[in-house]
Amino acid sequence: MLTAAQRLRRSSDFAAAVRSGRRAGRGTVVVHLTLPGTAGGTPDVAPEPVRGGTEENSAPISRAGFVVSKAVGPAVTRNKVRRRLRHLVRERLQDLPAGSTLVVRALPAAAEATYQRLGADLGDALSAARTSRGRRR
C-alpha cells in the first residue's frame with residue numbers, strides 16, 4: 001500500500017501531471033510522468049501535512065495516482081485493476097527520482113490482463129516515459 005504522502009488525491013495534481021508530464025502507453029496502461037525540474041510540474045512536497053508529520057516529511061517524495069474509468073468494467077473489475085496497479089507501482093516508485101509525479105491510466109484491456117502482463121506493460125511504459133525523445137512538431 002502506498003503511504004498517504006505518496007498518493008495523488010487532488011484533481012489539480014492529476015491535471016498538472018497529465019498536462020505537463022511525459023506520456024507513454026503500452027497495451028494495458030498509459031503513464032504520465034512528471035520529473036522534478038520540468039516546467040509546470042507539481043510541487044515536490046505533499047501540499048498538506050501528513051498526520052503526525054515532522055520535519056523529515058518535508059523532503060521531496062515521488063507520488064502516484066491512478067485513473068481507472070468505467071470503460072474498464074464494473075466496480076469490482078475496476079477495483080481489482082486499481083489494486084494490482086497500486087501494488088505494481090509501489091515496487092517501482094522508489095526507482096523514480098525524488099519529487100516525481102506519476103499518473104497511471106488503465107485502458108479497457110487491463111480488465112482481462114494478467115498481473116504479469118500489467119507489470120510488463122507498466123515497466124515498459126515507465127521506461128519509455130523516462131527516456132527523452134525530443135519534441136514533436
# chains A, B, ... in the order shown; residues from 1 in each chain; ligands from 1
$ residues_around --residues "segment 82-87 of chain A" --least-positions-apart "5" --cutoff "9 Å" --atoms "only C-alpha atoms" --output "number ranges by chain"
A: 1-2, 64-68, 77, 104, 106, 115, 118-119, 122
$ atom_distance --atom1 "atom CA of Ala71 of chain A" --atom2 "atom CA of Thr131 of chain A"
29.3 Å
$ atom_distance --atom1 "atom CA of Asp13 of chain A" --atom2 "atom CA of Ser69 of chain A"
17.6 Å
$ residues_around --residues "segment 89-99 of chain A" --least-positions-apart "6" --cutoff "7 Å" --atoms "only C-alpha atoms" --output "list of chain:residue names"
A:Met1, A:Leu2, A:Leu35, A:Pro36, A:Asp44, A:Pro60, A:Ile61, A:Ser62
$ write_last_selection --atoms "all heavy atoms" --output "PDB file, in the first residue's frame"
ATOM      1  N   MET A   1       0.847  -1.178   0.000  1.00  0.00           N
ATOM      2  CA  MET A   1       0.000   0.000   0.000  1.00  0.00           C
ATOM      3  C   MET A   1       0.889   1.237   0.000  1.00  0.00           C
ATOM      4  O   MET A   1       1.890   1.289   0.690  1.00  0.00           O
ATOM      5  CB  MET A   1      -0.884  -0.026   1.242  1.00  0.00           C
ATOM      6  CG  MET A   1      -1.851   1.126   1.333  1.00  0.00           C
ATOM      7  SD  MET A   1      -3.097   1.167   0.064  1.00  0.00           S
ATOM      8  CE  MET A   1      -4.187  -0.101   0.583  1.00  0.00           C
ATOM      9  N   LEU A   2       0.509   2.210  -0.781  1.00  0.00           N
ATOM     10  CA  LEU A   2       1.223   3.479  -0.805  1.00  0.00           C
ATOM     11  C   LEU A   2       0.874   4.277   0.447  1.00  0.00           C
ATOM     12  O   LEU A   2      -0.265   4.256   0.908  1.00  0.00           O
ATOM     13  CB  LEU A   2       0.824   4.291  -2.036  1.00  0.00           C
ATOM     14  CG  LEU A   2       1.198   3.709  -3.389  1.00  0.00           C
ATOM     15  CD1 LEU A   2       0.590   4.552  -4.502  1.00  0.00           C
ATOM     16  CD2 LEU A   2       2.689   3.640  -3.557  1.00  0.00           C
ATOM     17  N   LEU A  35       8.839  14.609 -14.148  1.00  0.00           N
ATOM     18  CA  LEU A  35      10.086  14.520 -13.405  1.00  0.00           C
ATOM     19  C   LEU A  35      10.383  15.845 -12.730  1.00  0.00           C
ATOM     20  O   LEU A  35       9.949  16.896 -13.212  1.00  0.00           O
ATOM     21  CB  LEU A  35      11.226  14.135 -14.350  1.00  0.00           C
ATOM     22  CG  LEU A  35      11.066  12.782 -15.037  1.00  0.00           C
ATOM     23  CD1 LEU A  35      12.128  12.590 -16.109  1.00  0.00           C
ATOM     24  CD2 LEU A  35      11.139  11.666 -14.016  1.00  0.00           C
ATOM     25  N   PRO A  36      11.113  15.840 -11.617  1.00  0.00           N
ATOM     26  CA  PRO A  36      11.413  17.107 -10.938  1.00  0.00           C
ATOM     27  C   PRO A  36      12.241  18.005 -11.847  1.00  0.00           C
ATOM     28  O   PRO A  36      13.064  17.530 -12.627  1.00  0.00           O
ATOM     29  CB  PRO A  36      12.206  16.680  -9.710  1.00  0.00           C
ATOM     30  CG  PRO A  36      12.614  15.281  -9.938  1.00  0.00           C
ATOM     31  CD  PRO A  36      11.698  14.700 -10.948  1.00  0.00           C
ATOM     32  N   ASP A  44       7.235  19.639  -5.014  1.00  0.00           N
ATOM     33  CA  ASP A  44       7.979  18.465  -4.602  1.00  0.00           C
ATOM     34  C   ASP A  44       7.493  17.857  -3.297  1.00  0.00           C
ATOM     35  O   ASP A  44       7.830  16.734  -2.978  1.00  0.00           O
ATOM     36  CB  ASP A  44       9.470  18.800  -4.456  1.00  0.00           C
ATOM     37  CG  ASP A  44      10.115  19.029  -5.808  1.00  0.00           C
ATOM     38  OD1 ASP A  44       9.512  18.622  -6.812  1.00  0.00           O
ATOM     39  OD2 ASP A  44      11.210  19.604  -5.846  1.00  0.00           O
ATOM     40  N   PRO A  60      11.499  15.970  -0.651  1.00  0.00           N
ATOM     41  CA  PRO A  60      10.727  15.647  -1.859  1.00  0.00           C
ATOM     42  C   PRO A  60      10.451  14.144  -1.933  1.00  0.00           C
ATOM     43  O   PRO A  60      11.326  13.335  -1.666  1.00  0.00           O
ATOM     44  CB  PRO A  60      11.626  16.080  -3.013  1.00  0.00           C
ATOM     45  CG  PRO A  60      12.774  16.784  -2.435  1.00  0.00           C
ATOM     46  CD  PRO A  60      12.787  16.549  -0.959  1.00  0.00           C
ATOM     47  N   ILE A  61       9.240  13.812  -2.302  1.00  0.00           N
ATOM     48  CA  ILE A  61       8.860  12.411  -2.431  1.00  0.00           C
ATOM     49  C   ILE A  61       8.229  12.200  -3.792  1.00  0.00           C
ATOM     50  O   ILE A  61       7.706  13.120  -4.398  1.00  0.00           O
ATOM     51  CB  ILE A  61       7.864  11.990  -1.333  1.00  0.00           C
ATOM     52  CG1 ILE A  61       6.647  12.889  -1.358  1.00  0.00           C
ATOM     53  CG2 ILE A  61       8.514  11.956   0.024  1.00  0.00           C
ATOM     54  CD1 ILE A  61       5.510  12.424  -0.519  1.00  0.00           C
ATOM     55  N   SER A  62       8.281  10.986  -4.263  1.00  0.00           N
ATOM     56  CA  SER A  62       7.595  10.634  -5.504  1.00  0.00           C
ATOM     57  C   SER A  62       6.162  10.281  -5.158  1.00  0.00           C
ATOM     58  O   SER A  62       5.905   9.613  -4.159  1.00  0.00           O
ATOM     59  CB  SER A  62       8.285   9.452  -6.173  1.00  0.00           C
ATOM     60  OG  SER A  62       9.594   9.814  -6.552  1.00  0.00           O
TER      61      SER A  62
END
